[in-house]
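Text of input12.cif (mmCIF, C-alpha atoms and all ligand atoms) as supplied:
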data_run
#
loop_
_atom_site.group_PDB
_atom_site.id
_atom_site.type_symbol
_atom_site.label_atom_id
_atom_site.label_comp_id
_atom_site.auth_asym_id
_atom_site.auth_seq_id
_atom_site.Cartn_x
_atom_site.Cartn_y
_atom_site.Cartn_z
ATOM 1 C CA MET A 1 19.661 10.509 13.869
ATOM 2 C CA ASN A 2 16.527 10.756 16.018
ATOM 3 C CA ASN A 3 14.080 10.801 13.138
ATOM 4 C CA ARG A 4 13.714 7.104 12.487
ATOM 5 C CA ILE A 5 10.864 5.037 11.115
ATOM 6 C CA GLY A 6 10.399 1.286 11.361
ATOM 7 C CA ILE A 7 9.611 -0.501 8.086
ATOM 8 C CA PHE A 8 8.362 -4.076 8.177
ATOM 9 C CA GLY A 9 9.848 -6.146 5.406
ATOM 10 C CA THR A 10 13.204 -6.733 3.777
ATOM 11 C CA SER A 11 12.127 -7.163 0.155
ATOM 12 C CA GLY A 12 12.222 -4.719 -2.733
ATOM 13 C CA MET A 13 9.015 -3.007 -1.595
ATOM 14 C CA ALA A 14 10.523 -2.422 1.868
ATOM 15 C CA ARG A 15 13.647 -0.919 0.330
ATOM 16 C CA GLU A 16 11.484 1.332 -1.828
ATOM 17 C CA ALA A 17 9.625 2.406 1.302
ATOM 18 C CA GLY A 18 13.070 3.086 2.799
ATOM 19 C CA ASP A 19 13.828 5.380 -0.119
ATOM 20 C CA ILE A 20 10.626 7.299 0.615
ATOM 21 C CA ALA A 21 11.717 7.587 4.235
ATOM 22 C CA TRP A 22 15.147 8.944 3.253
ATOM 23 C CA ALA A 23 13.503 11.440 0.877
ATOM 24 C CA SER A 24 11.303 12.553 3.787
ATOM 25 C CA GLY A 25 14.245 13.070 6.154
ATOM 26 C CA LEU A 26 13.679 9.825 8.073
ATOM 27 C CA GLU A 27 16.149 7.018 8.669
ATOM 28 C CA PRO A 28 14.573 3.609 7.989
ATOM 29 C CA VAL A 29 14.993 0.709 10.409
ATOM 30 C CA TYR A 30 13.904 -2.468 8.608
ATOM 31 C CA VAL A 31 12.135 -5.310 10.418
ATOM 32 C CA ALA A 32 12.881 -8.904 9.411
ATOM 33 C CA ARG A 33 10.378 -11.604 10.318
ATOM 34 C CA ASP A 34 12.988 -14.073 11.592
ATOM 35 C CA GLU A 35 16.628 -15.161 11.393
ATOM 36 C CA SER A 36 16.234 -16.699 7.919
ATOM 37 C CA GLU A 37 14.996 -13.403 6.502
ATOM 38 C CA LEU A 38 17.848 -11.635 8.275
ATOM 39 C CA GLN A 39 20.404 -13.935 6.680
ATOM 40 C CA ALA A 40 19.022 -13.144 3.233
ATOM 41 C CA TRP A 41 19.340 -9.407 3.896
ATOM 42 C CA ASN A 42 22.048 -8.060 1.584
ATOM 43 C CA PHE A 43 21.303 -4.384 1.774
ATOM 44 C CA SER A 44 22.891 -1.668 3.866
ATOM 45 C CA GLY A 45 20.926 -0.152 6.710
ATOM 46 C CA PRO A 46 19.871 -1.209 10.201
ATOM 47 C CA VAL A 47 17.644 -4.254 10.424
ATOM 48 C CA ILE A 48 16.036 -5.768 13.510
ATOM 49 C CA LEU A 49 13.995 -8.894 14.166
ATOM 50 C CA GLU A 50 10.252 -8.906 14.900
ATOM 51 C CA LYS A 51 10.921 -10.508 18.270
ATOM 52 C CA GLU A 52 13.004 -7.449 19.302
ATOM 53 C CA ILE A 53 10.322 -4.988 18.328
ATOM 54 C CA GLU A 54 9.223 -3.976 21.816
ATOM 55 C CA ARG A 55 12.531 -2.155 22.241
ATOM 56 C CA TYR A 56 11.615 0.025 19.254
ATOM 57 C CA ALA A 57 7.996 0.623 20.197
ATOM 58 C CA ASP A 58 8.511 4.381 20.409
ATOM 59 C CA LEU A 59 9.170 4.589 16.624
ATOM 60 C CA PRO A 60 6.441 5.139 14.061
ATOM 61 C CA PHE A 61 6.027 2.130 11.743
ATOM 62 C CA VAL A 62 4.842 1.322 8.244
ATOM 63 C CA ILE A 63 4.611 -2.056 6.506
ATOM 64 C CA GLY A 64 6.702 -2.182 3.340
ATOM 65 C CA ILE A 65 5.118 -5.350 1.971
ATOM 66 C CA GLY A 66 3.117 -5.313 -1.255
ATOM 67 C CA GLU A 67 1.052 -8.440 -0.580
ATOM 68 C CA ASN A 68 -2.167 -7.168 0.989
ATOM 69 C CA SER A 69 -2.907 -10.224 3.129
ATOM 70 C CA ILE A 70 0.570 -10.169 4.707
ATOM 71 C CA ARG A 71 0.294 -6.448 5.377
ATOM 72 C CA LYS A 72 -3.029 -7.077 7.065
ATOM 73 C CA ALA A 73 -1.684 -9.914 9.203
ATOM 74 C CA ILE A 74 1.212 -7.773 10.456
ATOM 75 C CA ALA A 75 -1.043 -4.771 11.100
ATOM 76 C CA GLU A 76 -3.382 -6.919 13.181
ATOM 77 C CA ARG A 77 -0.566 -8.664 15.046
ATOM 78 C CA PHE A 78 1.023 -5.396 16.184
ATOM 79 C CA ARG A 79 -2.104 -3.218 16.394
ATOM 80 C CA ASP A 80 -1.965 -2.797 20.182
ATOM 81 C CA LEU A 81 1.796 -2.488 20.503
ATOM 82 C CA LEU A 82 2.918 -0.141 17.733
ATOM 83 C CA ARG A 83 1.994 3.234 16.324
ATOM 84 C CA PHE A 84 1.505 2.985 12.573
ATOM 85 C CA SER A 85 2.026 6.210 10.654
ATOM 86 C CA ASN A 86 1.807 7.166 6.987
ATOM 87 C CA LEU A 87 4.812 7.619 4.731
ATOM 88 C CA ILE A 88 4.397 10.089 1.884
ATOM 89 C CA HIS A 89 7.065 10.860 -0.716
ATOM 90 C CA PRO A 90 7.667 14.611 -1.039
ATOM 91 C CA SER A 91 6.930 14.454 -4.777
ATOM 92 C CA ALA A 92 3.424 13.006 -4.284
ATOM 93 C CA THR A 93 0.737 15.603 -4.917
ATOM 94 C CA PHE A 94 -2.782 16.042 -3.623
ATOM 95 C CA GLY A 95 -5.920 17.966 -4.435
ATOM 96 C CA ARG A 96 -7.267 20.431 -1.930
ATOM 97 C CA GLY A 97 -7.787 18.823 1.468
ATOM 98 C CA GLN A 98 -6.815 15.368 0.227
ATOM 99 C CA ARG A 99 -3.453 15.165 1.975
ATOM 100 C CA GLU A 100 -5.219 15.802 5.287
ATOM 101 C CA VAL A 101 -7.624 12.946 4.541
ATOM 102 C CA LEU A 102 -4.686 10.638 3.939
ATOM 103 C CA GLU A 103 -2.867 11.793 7.039
ATOM 104 C CA ALA A 104 -5.929 10.966 9.120
ATOM 105 C CA CYS A 105 -5.474 7.322 8.042
ATOM 106 C CA LYS A 106 -2.742 5.075 9.296
ATOM 107 C CA GLY A 107 -0.151 2.830 7.750
ATOM 108 C CA SER A 108 -0.436 4.068 4.177
ATOM 109 C CA ILE A 109 2.534 4.544 1.868
ATOM 110 C CA VAL A 110 2.486 6.988 -1.038
ATOM 111 C CA ALA A 111 5.406 6.631 -3.450
ATOM 112 C CA ALA A 112 7.102 9.161 -5.711
ATOM 113 C CA GLY A 113 4.960 10.840 -8.313
ATOM 114 C CA ALA A 114 1.599 9.614 -7.043
ATOM 115 C CA ARG A 115 -1.303 12.004 -7.510
ATOM 116 C CA LEU A 116 -4.552 11.861 -5.540
ATOM 117 C CA THR A 117 -7.024 14.549 -6.506
ATOM 118 C CA SER A 118 -10.052 15.309 -4.326
ATOM 119 C CA GLY A 119 -13.025 13.840 -2.524
ATOM 120 C CA ILE A 120 -11.234 10.510 -2.126
ATOM 121 C CA VAL A 121 -12.042 8.299 0.874
ATOM 122 C CA ILE A 122 -9.188 6.065 2.003
ATOM 123 C CA GLY A 123 -8.942 3.168 4.452
ATOM 124 C CA ASP A 124 -5.844 2.158 6.403
ATOM 125 C CA PHE A 125 -2.655 0.423 5.254
ATOM 126 C CA CYS A 126 -3.037 1.260 1.562
ATOM 127 C CA LEU A 127 -0.104 1.367 -0.847
ATOM 128 C CA PHE A 128 -0.080 3.972 -3.597
ATOM 129 C CA ASN A 129 2.889 2.998 -5.685
ATOM 130 C CA GLN A 130 4.989 5.138 -8.017
ATOM 131 C CA ASN A 131 3.146 7.404 -10.441
ATOM 132 C CA VAL A 132 -0.346 6.160 -9.711
ATOM 133 C CA THR A 133 -3.272 8.491 -10.217
ATOM 134 C CA VAL A 134 -6.434 8.359 -8.163
ATOM 135 C CA ALA A 135 -9.142 10.686 -9.434
ATOM 136 C CA HIS A 136 -12.027 12.452 -7.742
ATOM 137 C CA ASP A 137 -14.542 10.740 -5.477
ATOM 138 C CA CYS A 138 -12.885 7.336 -5.409
ATOM 139 C CA VAL A 139 -13.456 5.172 -2.341
ATOM 140 C CA LEU A 140 -10.667 2.844 -1.285
ATOM 141 C CA GLY A 141 -11.020 0.295 1.473
ATOM 142 C CA SER A 142 -8.176 -0.844 3.714
ATOM 143 C CA TYR A 143 -5.201 -2.978 2.619
ATOM 144 C CA VAL A 144 -5.492 -1.875 -0.987
ATOM 145 C CA HIS A 145 -2.431 -1.811 -3.273
ATOM 146 C CA VAL A 146 -2.390 0.368 -6.387
ATOM 147 C CA ALA A 147 0.724 -0.770 -8.290
ATOM 148 C CA PRO A 148 3.078 1.507 -10.265
ATOM 149 C CA GLY A 149 1.504 3.567 -13.012
ATOM 150 C CA ALA A 150 -2.061 2.365 -12.422
ATOM 151 C CA ASN A 151 -4.858 4.860 -12.950
ATOM 152 C CA LEU A 152 -8.141 4.961 -11.114
ATOM 153 C CA SER A 153 -10.626 7.233 -12.867
ATOM 154 C CA GLY A 154 -13.261 9.152 -10.911
ATOM 155 C CA ASN A 155 -15.853 7.384 -8.780
ATOM 156 C CA VAL A 156 -14.077 4.063 -8.537
ATOM 157 C CA HIS A 157 -14.630 1.942 -5.430
ATOM 158 C CA LEU A 158 -11.891 -0.533 -4.555
ATOM 159 C CA LYS A 159 -13.038 -2.706 -1.693
ATOM 160 C CA ASP A 160 -10.733 -3.995 1.076
ATOM 161 C CA GLY A 161 -7.734 -6.000 -0.067
ATOM 162 C CA CYS A 162 -7.842 -5.135 -3.792
ATOM 163 C CA TRP A 163 -4.667 -5.120 -5.811
ATOM 164 C CA VAL A 164 -4.661 -3.117 -9.055
ATOM 165 C CA GLY A 165 -1.652 -4.202 -11.143
ATOM 166 C CA ALA A 166 0.990 -2.048 -12.765
ATOM 167 C CA GLY A 167 -0.278 0.199 -15.537
ATOM 168 C CA ALA A 168 -3.878 -0.973 -15.188
ATOM 169 C CA VAL A 169 -6.759 1.427 -15.664
ATOM 170 C CA VAL A 170 -10.108 1.323 -13.900
ATOM 171 C CA ASN A 171 -12.611 3.354 -15.875
ATOM 172 C CA GLN A 172 -14.863 5.771 -14.105
ATOM 173 C CA GLY A 173 -18.126 5.137 -12.337
ATOM 174 C CA SER A 174 -20.628 7.871 -11.645
ATOM 175 C CA ASN A 175 -21.808 9.835 -8.643
ATOM 176 C CA LYS A 176 -24.811 7.550 -8.445
ATOM 177 C CA GLU A 177 -23.038 4.296 -9.161
ATOM 178 C CA LYS A 178 -19.357 3.765 -8.518
ATOM 179 C CA ARG A 179 -17.291 1.383 -10.613
ATOM 180 C CA VAL A 180 -16.737 -1.367 -8.010
ATOM 181 C CA VAL A 181 -13.851 -3.808 -7.701
ATOM 182 C CA GLY A 182 -14.850 -6.415 -5.122
ATOM 183 C CA GLU A 183 -12.951 -7.410 -2.002
ATOM 184 C CA ASN A 184 -9.545 -9.062 -2.438
ATOM 185 C CA THR A 185 -9.755 -8.973 -6.216
ATOM 186 C CA VAL A 186 -6.627 -8.665 -8.342
ATOM 187 C CA VAL A 187 -6.632 -6.608 -11.542
ATOM 188 C CA GLY A 188 -3.712 -7.735 -13.714
ATOM 189 C CA SER A 189 -1.043 -5.451 -15.063
ATOM 190 C CA GLY A 190 -2.132 -3.451 -18.098
ATOM 191 C CA ALA A 191 -5.824 -4.341 -17.737
ATOM 192 C CA VAL A 192 -8.611 -1.910 -18.523
ATOM 193 C CA VAL A 193 -11.590 -2.420 -16.238
ATOM 194 C CA ILE A 194 -14.826 -1.235 -17.846
ATOM 195 C CA GLU A 195 -17.333 -3.176 -15.735
ATOM 196 C CA ASP A 196 -17.657 -3.997 -12.045
ATOM 197 C CA CYS A 197 -15.400 -6.820 -10.849
ATOM 198 C CA GLU A 198 -16.561 -9.565 -8.507
ATOM 199 C CA ALA A 199 -14.897 -10.244 -5.155
ATOM 200 C CA ASP A 200 -12.039 -12.759 -4.654
ATOM 201 C CA ALA A 201 -11.305 -12.932 -8.362
ATOM 202 C CA VAL A 202 -8.541 -12.186 -10.869
ATOM 203 C CA TYR A 203 -9.227 -9.997 -13.907
ATOM 204 C CA ALA A 204 -6.883 -9.351 -16.829
ATOM 205 C CA GLY A 205 -6.829 -7.985 -20.366
ATOM 206 C CA VAL A 206 -8.389 -5.186 -22.390
ATOM 207 C CA PRO A 207 -11.226 -4.980 -21.652
ATOM 208 C CA ALA A 208 -10.654 -6.835 -18.375
ATOM 209 C CA LYS A 209 -12.291 -10.252 -18.083
ATOM 210 C CA ARG A 210 -12.381 -12.602 -15.134
ATOM 211 C CA ILE A 211 -9.633 -15.218 -15.595
ATOM 212 C CA LYS A 212 -9.780 -16.825 -12.113
HETATM 213 C C1 LIG B 1 -3.119 -11.186 -13.634
HETATM 214 C C2 LIG B 1 -2.143 -11.904 -12.760
HETATM 215 C C3 LIG B 1 -2.458 -11.635 -11.274
HETATM 216 C C4 LIG B 1 -2.315 -13.384 -13.045
HETATM 217 O O1 LIG B 1 -1.363 -14.118 -12.370
HETATM 218 P P1 LIG B 1 -1.586 -15.697 -12.201
HETATM 219 O O2 LIG B 1 -2.807 -15.881 -11.356
HETATM 220 O O3 LIG B 1 -0.308 -16.267 -11.690
HETATM 221 O O4 LIG B 1 -1.967 -16.174 -13.648
HETATM 222 P P2 LIG B 1 -1.100 -16.920 -14.771
HETATM 223 O O5 LIG B 1 0.270 -16.340 -14.893
HETATM 224 O O6 LIG B 1 -1.247 -18.378 -14.484
HETATM 225 O O7 LIG B 1 -1.878 -16.572 -16.103
HETATM 226 C C5 LIG B 1 -3.195 -17.011 -16.361
HETATM 227 C C6 LIG B 1 -3.573 -16.570 -17.754
HETATM 228 O O8 LIG B 1 -3.744 -15.138 -17.755
HETATM 229 C C7 LIG B 1 -2.848 -14.536 -18.716
HETATM 230 N N1 LIG B 1 -2.349 -13.308 -18.068
HETATM 231 C C8 LIG B 1 -1.623 -13.212 -16.953
HETATM 232 N N2 LIG B 1 -1.386 -11.940 -16.645
HETATM 233 C C9 LIG B 1 -1.981 -11.196 -17.598
HETATM 234 C C10 LIG B 1 -2.073 -9.818 -17.818
HETATM 235 N N3 LIG B 1 -1.518 -8.925 -16.970
HETATM 236 N N4 LIG B 1 -2.772 -9.386 -18.886
HETATM 237 C C11 LIG B 1 -3.330 -10.276 -19.748
HETATM 238 N N5 LIG B 1 -3.280 -11.613 -19.578
HETATM 239 C C12 LIG B 1 -2.605 -12.066 -18.519
HETATM 240 C C13 LIG B 1 -1.758 -15.568 -18.946
HETATM 241 O O9 LIG B 1 -1.171 -15.398 -20.210
HETATM 242 C C14 LIG B 1 -2.542 -16.854 -18.825
HETATM 243 O O10 LIG B 1 -3.234 -17.053 -20.011
HETATM 244 P P3 LIG B 1 -3.524 -18.549 -20.592
HETATM 245 O O11 LIG B 1 -4.359 -19.247 -19.546
HETATM 246 O O12 LIG B 1 -4.245 -18.297 -21.878
HETATM 247 O O13 LIG B 1 -2.185 -19.192 -20.757
HETATM 248 C C15 LIG B 1 -0.666 -11.467 -13.005
HETATM 249 O O14 LIG B 1 -0.170 -11.937 -14.226
HETATM 250 C C16 LIG B 1 -0.485 -9.959 -12.966
HETATM 251 O O15 LIG B 1 -0.719 -9.230 -13.931
HETATM 252 N N6 LIG B 1 -0.068 -9.464 -11.786
HETATM 253 C C17 LIG B 1 0.180 -8.067 -11.549
HETATM 254 C C18 LIG B 1 1.678 -7.770 -11.668
HETATM 255 C C19 LIG B 1 1.980 -6.373 -11.212
HETATM 256 O O16 LIG B 1 1.246 -5.451 -11.466
HETATM 257 N N7 LIG B 1 3.070 -6.202 -10.507
HETATM 258 C C20 LIG B 1 3.381 -4.938 -9.871
HETATM 259 C C21 LIG B 1 4.004 -5.225 -8.565
HETATM 260 S S1 LIG B 1 4.000 -3.825 -7.510
#
For this file, produce the structure as structure tokens.
Ligand SMILES: CC(C)(COP(=O)(O)OP(=O)(O)OC[C@H]1O[C@@H](n2cnc3c(N)ncnc32)[C@H](O)[C@@H]1OP(=O)(O)O)[C@@H](O)C(=O)NCCC(=O)NCCS
Amino acid sequence: MNNRIGIFGTSGMAREAGDIAWASGLEPVYVARDESELQAWNFSGPVILEKEIERYADLPFVIGIGENSIRKAIAERFRDLLRFSNLIHPSATFGRGQREVLEACKGSIVAAGARLTSGIVIGDFCLFNQNVTVAHDCVLGSYVHVAPGANLSGNVHLKDGCWVGAGAVVNQGSNKEKRVVGENTVVGSGAVVIEDCEADAVYAGVPAKRIK
């Protein structure tokens, strides 16, 4: 098959990205960091080592790793060598013009059932996991991960490196004042964010409070 895509990672997230590739008519080629990761690989499908990557430099790549800081490190390490593309499950849906906005980014993954409406600004290397919703006029920085089933209401601003946990909700901001989640902040699973969140923090609960 000529239509192949390289996927960094060998964990569950990488295999889920592989499923998105298959659903999109692409054959995944997984990339293990080193021999130890290769030995732990117990899944079918071609897998190569990072040190062999130059031989595959003609493929498009995505990074199937949920941890934002690791995704960022890989993106920066291979920025000049590889072409990072987006990977969008065929069942993801978009408001008018929004798919084009996403396709103008690089390195993002959109899983099955995700819905992004309209007027949304997106950075690079974001992960929109299964069944997330992102409503109108949100602004997402780079290296953001929206975990399965999380909902961002309208006018939410997630700064670079945020991770919104599974099933969490971020309530809406307004046109004048977005609801802001600061850089590298984690919102725990099931949380409901009703106020702005500081940077480099962990929030959890309903309503969400800073716990770290
Ligand atoms: C919030 C979170 C990041 C905290 O992880 P942590 O830093 O390891 O924190 P701990 O497990 O030490 O828990 C700290 C406290 O927060 C509480 N807590 C942890 N997660 C919570 C959550 N989601 N909601 C409410 N309270 C939570 C713990 O009970 C503990 O309370 P205590 O101090 O009274 O005992 C983590 O629990 C979480 O929710 N991660 C997201 C998981 C997810 O969405 N996965 C999807 C993968 S794609």
For Gly141 (chain A), please output as a ChimeraX atom specification all residues within 12 Å (counting only C-alpha atoms; exclusion window: fewer than 6 positions along the same chain).
/A:68,105,108,120-127,156-163,180-184
How many Å separate atom C7 of ligand LIG 1 (chain B) from CA of Gln130 (chain A)?
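Separation between atom C7 of ligand LIG 1 (chain B) and CA of Gln130 (chain A): 23.7 Å.
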Let me have all residues with an atom within 10 Å of ligand LIG 1 (chain B), counting all atoms listed in the file, laid out as a PyMOL selection string.
chain A and resi 12-13+65-67+127-130+145-150+163-168+185-192+201-212
When you draw a straight line from CA of Thr133 (chain A) to CA of Glu198 (chain A), how long is it in Å?
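CA of Glu198 (chain A) lies at a distance of 22.5 Å from CA of Thr133 (chain A).
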For the provided coordinates, the residues matched by the PyMOL selection byres (((chain A and resi 86-97) around 6) and not hetatm) should be stated as a PyMOL selection string.
chain A and resi 20+85+98-100+106-118
To one decimal place, how far is CA of Ala199 (chain A) from CA of Ile7 (chain A) in Å?
29.5 Å
Determine the residue set returned by the PyMOL selection byres (((chain A and resi 57) around 12) and not hetatm) for the present structure, and present it as a PyMOL selection string.
chain A and resi 4-6+50-56+58-61+78-84
Kindly reconstruct region 188-209 of chain A with N, CA, C and O atoms and present the result as a PDB file, in the frame of the given file.
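Now in result.pdb:
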ATOM      1  N   GLY A 188      -5.042  -7.482 -13.162  1.00  0.00           N
ATOM      2  CA  GLY A 188      -3.712  -7.735 -13.714  1.00  0.00           C
ATOM      3  C   GLY A 188      -3.071  -6.494 -14.309  1.00  0.00           C
ATOM      4  O   GLY A 188      -3.750  -5.509 -14.625  1.00  0.00           O
ATOM      5  N   SER A 189      -1.769  -6.581 -14.485  1.00  0.00           N
ATOM      6  CA  SER A 189      -1.043  -5.451 -15.063  1.00  0.00           C
ATOM      7  C   SER A 189      -1.591  -5.148 -16.460  1.00  0.00           C
ATOM      8  O   SER A 189      -1.937  -6.053 -17.222  1.00  0.00           O
ATOM      9  N   GLY A 190      -1.713  -3.885 -16.772  1.00  0.00           N
ATOM     10  CA  GLY A 190      -2.132  -3.451 -18.098  1.00  0.00           C
ATOM     11  C   GLY A 190      -3.605  -3.630 -18.414  1.00  0.00           C
ATOM     12  O   GLY A 190      -4.035  -3.317 -19.532  1.00  0.00           O
ATOM     13  N   ALA A 191      -4.388  -4.108 -17.469  1.00  0.00           N
ATOM     14  CA  ALA A 191      -5.824  -4.341 -17.737  1.00  0.00           C
ATOM     15  C   ALA A 191      -6.576  -3.016 -17.825  1.00  0.00           C
ATOM     16  O   ALA A 191      -6.140  -1.999 -17.290  1.00  0.00           O
ATOM     17  N   VAL A 192      -7.702  -3.061 -18.523  1.00  0.00           N
ATOM     18  CA  VAL A 192      -8.611  -1.910 -18.523  1.00  0.00           C
ATOM     19  C   VAL A 192      -9.971  -2.412 -18.039  1.00  0.00           C
ATOM     20  O   VAL A 192     -10.636  -3.200 -18.717  1.00  0.00           O
ATOM     21  N   VAL A 193     -10.336  -1.972 -16.853  1.00  0.00           N
ATOM     22  CA  VAL A 193     -11.590  -2.420 -16.238  1.00  0.00           C
ATOM     23  C   VAL A 193     -12.706  -1.496 -16.701  1.00  0.00           C
ATOM     24  O   VAL A 193     -12.649  -0.280 -16.464  1.00  0.00           O
ATOM     25  N   ILE A 194     -13.712  -2.070 -17.369  1.00  0.00           N
ATOM     26  CA  ILE A 194     -14.826  -1.235 -17.846  1.00  0.00           C
ATOM     27  C   ILE A 194     -16.156  -1.635 -17.206  1.00  0.00           C
ATOM     28  O   ILE A 194     -17.168  -1.006 -17.439  1.00  0.00           O
ATOM     29  N   GLU A 195     -16.115  -2.731 -16.435  1.00  0.00           N
ATOM     30  CA  GLU A 195     -17.333  -3.176 -15.735  1.00  0.00           C
ATOM     31  C   GLU A 195     -16.961  -3.503 -14.298  1.00  0.00           C
ATOM     32  O   GLU A 195     -15.777  -3.713 -14.002  1.00  0.00           O
ATOM     33  N   ASP A 196     -17.958  -3.615 -13.427  1.00  0.00           N
ATOM     34  CA  ASP A 196     -17.657  -3.997 -12.045  1.00  0.00           C
ATOM     35  C   ASP A 196     -16.977  -5.363 -12.005  1.00  0.00           C
ATOM     36  O   ASP A 196     -17.242  -6.228 -12.858  1.00  0.00           O
ATOM     37  N   CYS A 197     -16.110  -5.548 -11.016  1.00  0.00           N
ATOM     38  CA  CYS A 197     -15.400  -6.820 -10.849  1.00  0.00           C
ATOM     39  C   CYS A 197     -15.893  -7.504  -9.576  1.00  0.00           C
ATOM     40  O   CYS A 197     -16.052  -6.854  -8.535  1.00  0.00           O
ATOM     41  N   GLU A 198     -16.093  -8.802  -9.673  1.00  0.00           N
ATOM     42  CA  GLU A 198     -16.561  -9.565  -8.507  1.00  0.00           C
ATOM     43  C   GLU A 198     -15.463  -9.656  -7.454  1.00  0.00           C
ATOM     44  O   GLU A 198     -14.297  -9.396  -7.750  1.00  0.00           O
ATOM     45  N   ALA A 199     -15.856 -10.083  -6.252  1.00  0.00           N
ATOM     46  CA  ALA A 199     -14.897 -10.244  -5.155  1.00  0.00           C
ATOM     47  C   ALA A 199     -14.068 -11.515  -5.340  1.00  0.00           C
ATOM     48  O   ALA A 199     -14.478 -12.444  -6.052  1.00  0.00           O
ATOM     49  N   ASP A 200     -12.895 -11.555  -4.708  1.00  0.00           N
ATOM     50  CA  ASP A 200     -12.039 -12.759  -4.654  1.00  0.00           C
ATOM     51  C   ASP A 200     -11.776 -13.348  -6.037  1.00  0.00           C
ATOM     52  O   ASP A 200     -11.883 -14.560  -6.240  1.00  0.00           O
ATOM     53  N   ALA A 201     -11.482 -12.490  -6.980  1.00  0.00           N
ATOM     54  CA  ALA A 201     -11.305 -12.932  -8.362  1.00  0.00           C
ATOM     55  C   ALA A 201     -10.036 -12.312  -8.944  1.00  0.00           C
ATOM     56  O   ALA A 201      -9.406 -11.455  -8.330  1.00  0.00           O
ATOM     57  N   VAL A 202      -9.670 -12.771 -10.138  1.00  0.00           N
ATOM     58  CA  VAL A 202      -8.541 -12.186 -10.869  1.00  0.00           C
ATOM     59  C   VAL A 202      -9.055 -11.763 -12.239  1.00  0.00           C
ATOM     60  O   VAL A 202      -9.695 -12.562 -12.941  1.00  0.00           O
ATOM     61  N   TYR A 203      -8.808 -10.533 -12.612  1.00  0.00           N
ATOM     62  CA  TYR A 203      -9.227  -9.997 -13.907  1.00  0.00           C
ATOM     63  C   TYR A 203      -7.985  -9.594 -14.688  1.00  0.00           C
ATOM     64  O   TYR A 203      -7.018  -9.100 -14.117  1.00  0.00           O
ATOM     65  N   ALA A 204      -8.020  -9.775 -16.003  1.00  0.00           N
ATOM     66  CA  ALA A 204      -6.883  -9.351 -16.829  1.00  0.00           C
ATOM     67  C   ALA A 204      -7.379  -9.012 -18.226  1.00  0.00           C
ATOM     68  O   ALA A 204      -8.466  -9.426 -18.638  1.00  0.00           O
ATOM     69  N   GLY A 205      -6.571  -8.251 -18.952  1.00  0.00           N
ATOM     70  CA  GLY A 205      -6.829  -7.985 -20.366  1.00  0.00           C
ATOM     71  C   GLY A 205      -7.569  -6.688 -20.626  1.00  0.00           C
ATOM     72  O   GLY A 205      -7.944  -5.950 -19.724  1.00  0.00           O
ATOM     73  N   VAL A 206      -7.735  -6.420 -21.930  1.00  0.00           N
ATOM     74  CA  VAL A 206      -8.389  -5.186 -22.390  1.00  0.00           C
ATOM     75  C   VAL A 206      -9.510  -5.574 -23.350  1.00  0.00           C
ATOM     76  O   VAL A 206      -9.229  -6.118 -24.418  1.00  0.00           O
ATOM     77  N   PRO A 207     -10.766  -5.366 -22.993  1.00  0.00           N
ATOM     78  CA  PRO A 207     -11.226  -4.980 -21.652  1.00  0.00           C
ATOM     79  C   PRO A 207     -11.030  -6.125 -20.677  1.00  0.00           C
ATOM     80  O   PRO A 207     -10.947  -7.295 -21.085  1.00  0.00           O
ATOM     81  N   ALA A 208     -10.962  -5.809 -19.384  1.00  0.00           N
ATOM     82  CA  ALA A 208     -10.654  -6.835 -18.375  1.00  0.00           C
ATOM     83  C   ALA A 208     -11.762  -7.872 -18.274  1.00  0.00           C
ATOM     84  O   ALA A 208     -12.947  -7.542 -18.251  1.00  0.00           O
ATOM     85  N   LYS A 209     -11.356  -9.132 -18.266  1.00  0.00           N
ATOM     86  CA  LYS A 209     -12.291 -10.252 -18.083  1.00  0.00           C
ATOM     87  C   LYS A 209     -11.820 -11.076 -16.894  1.00  0.00           C
ATOM     88  O   LYS A 209     -10.614 -11.147 -16.623  1.00  0.00           O
TER      89      LYS A 209
END
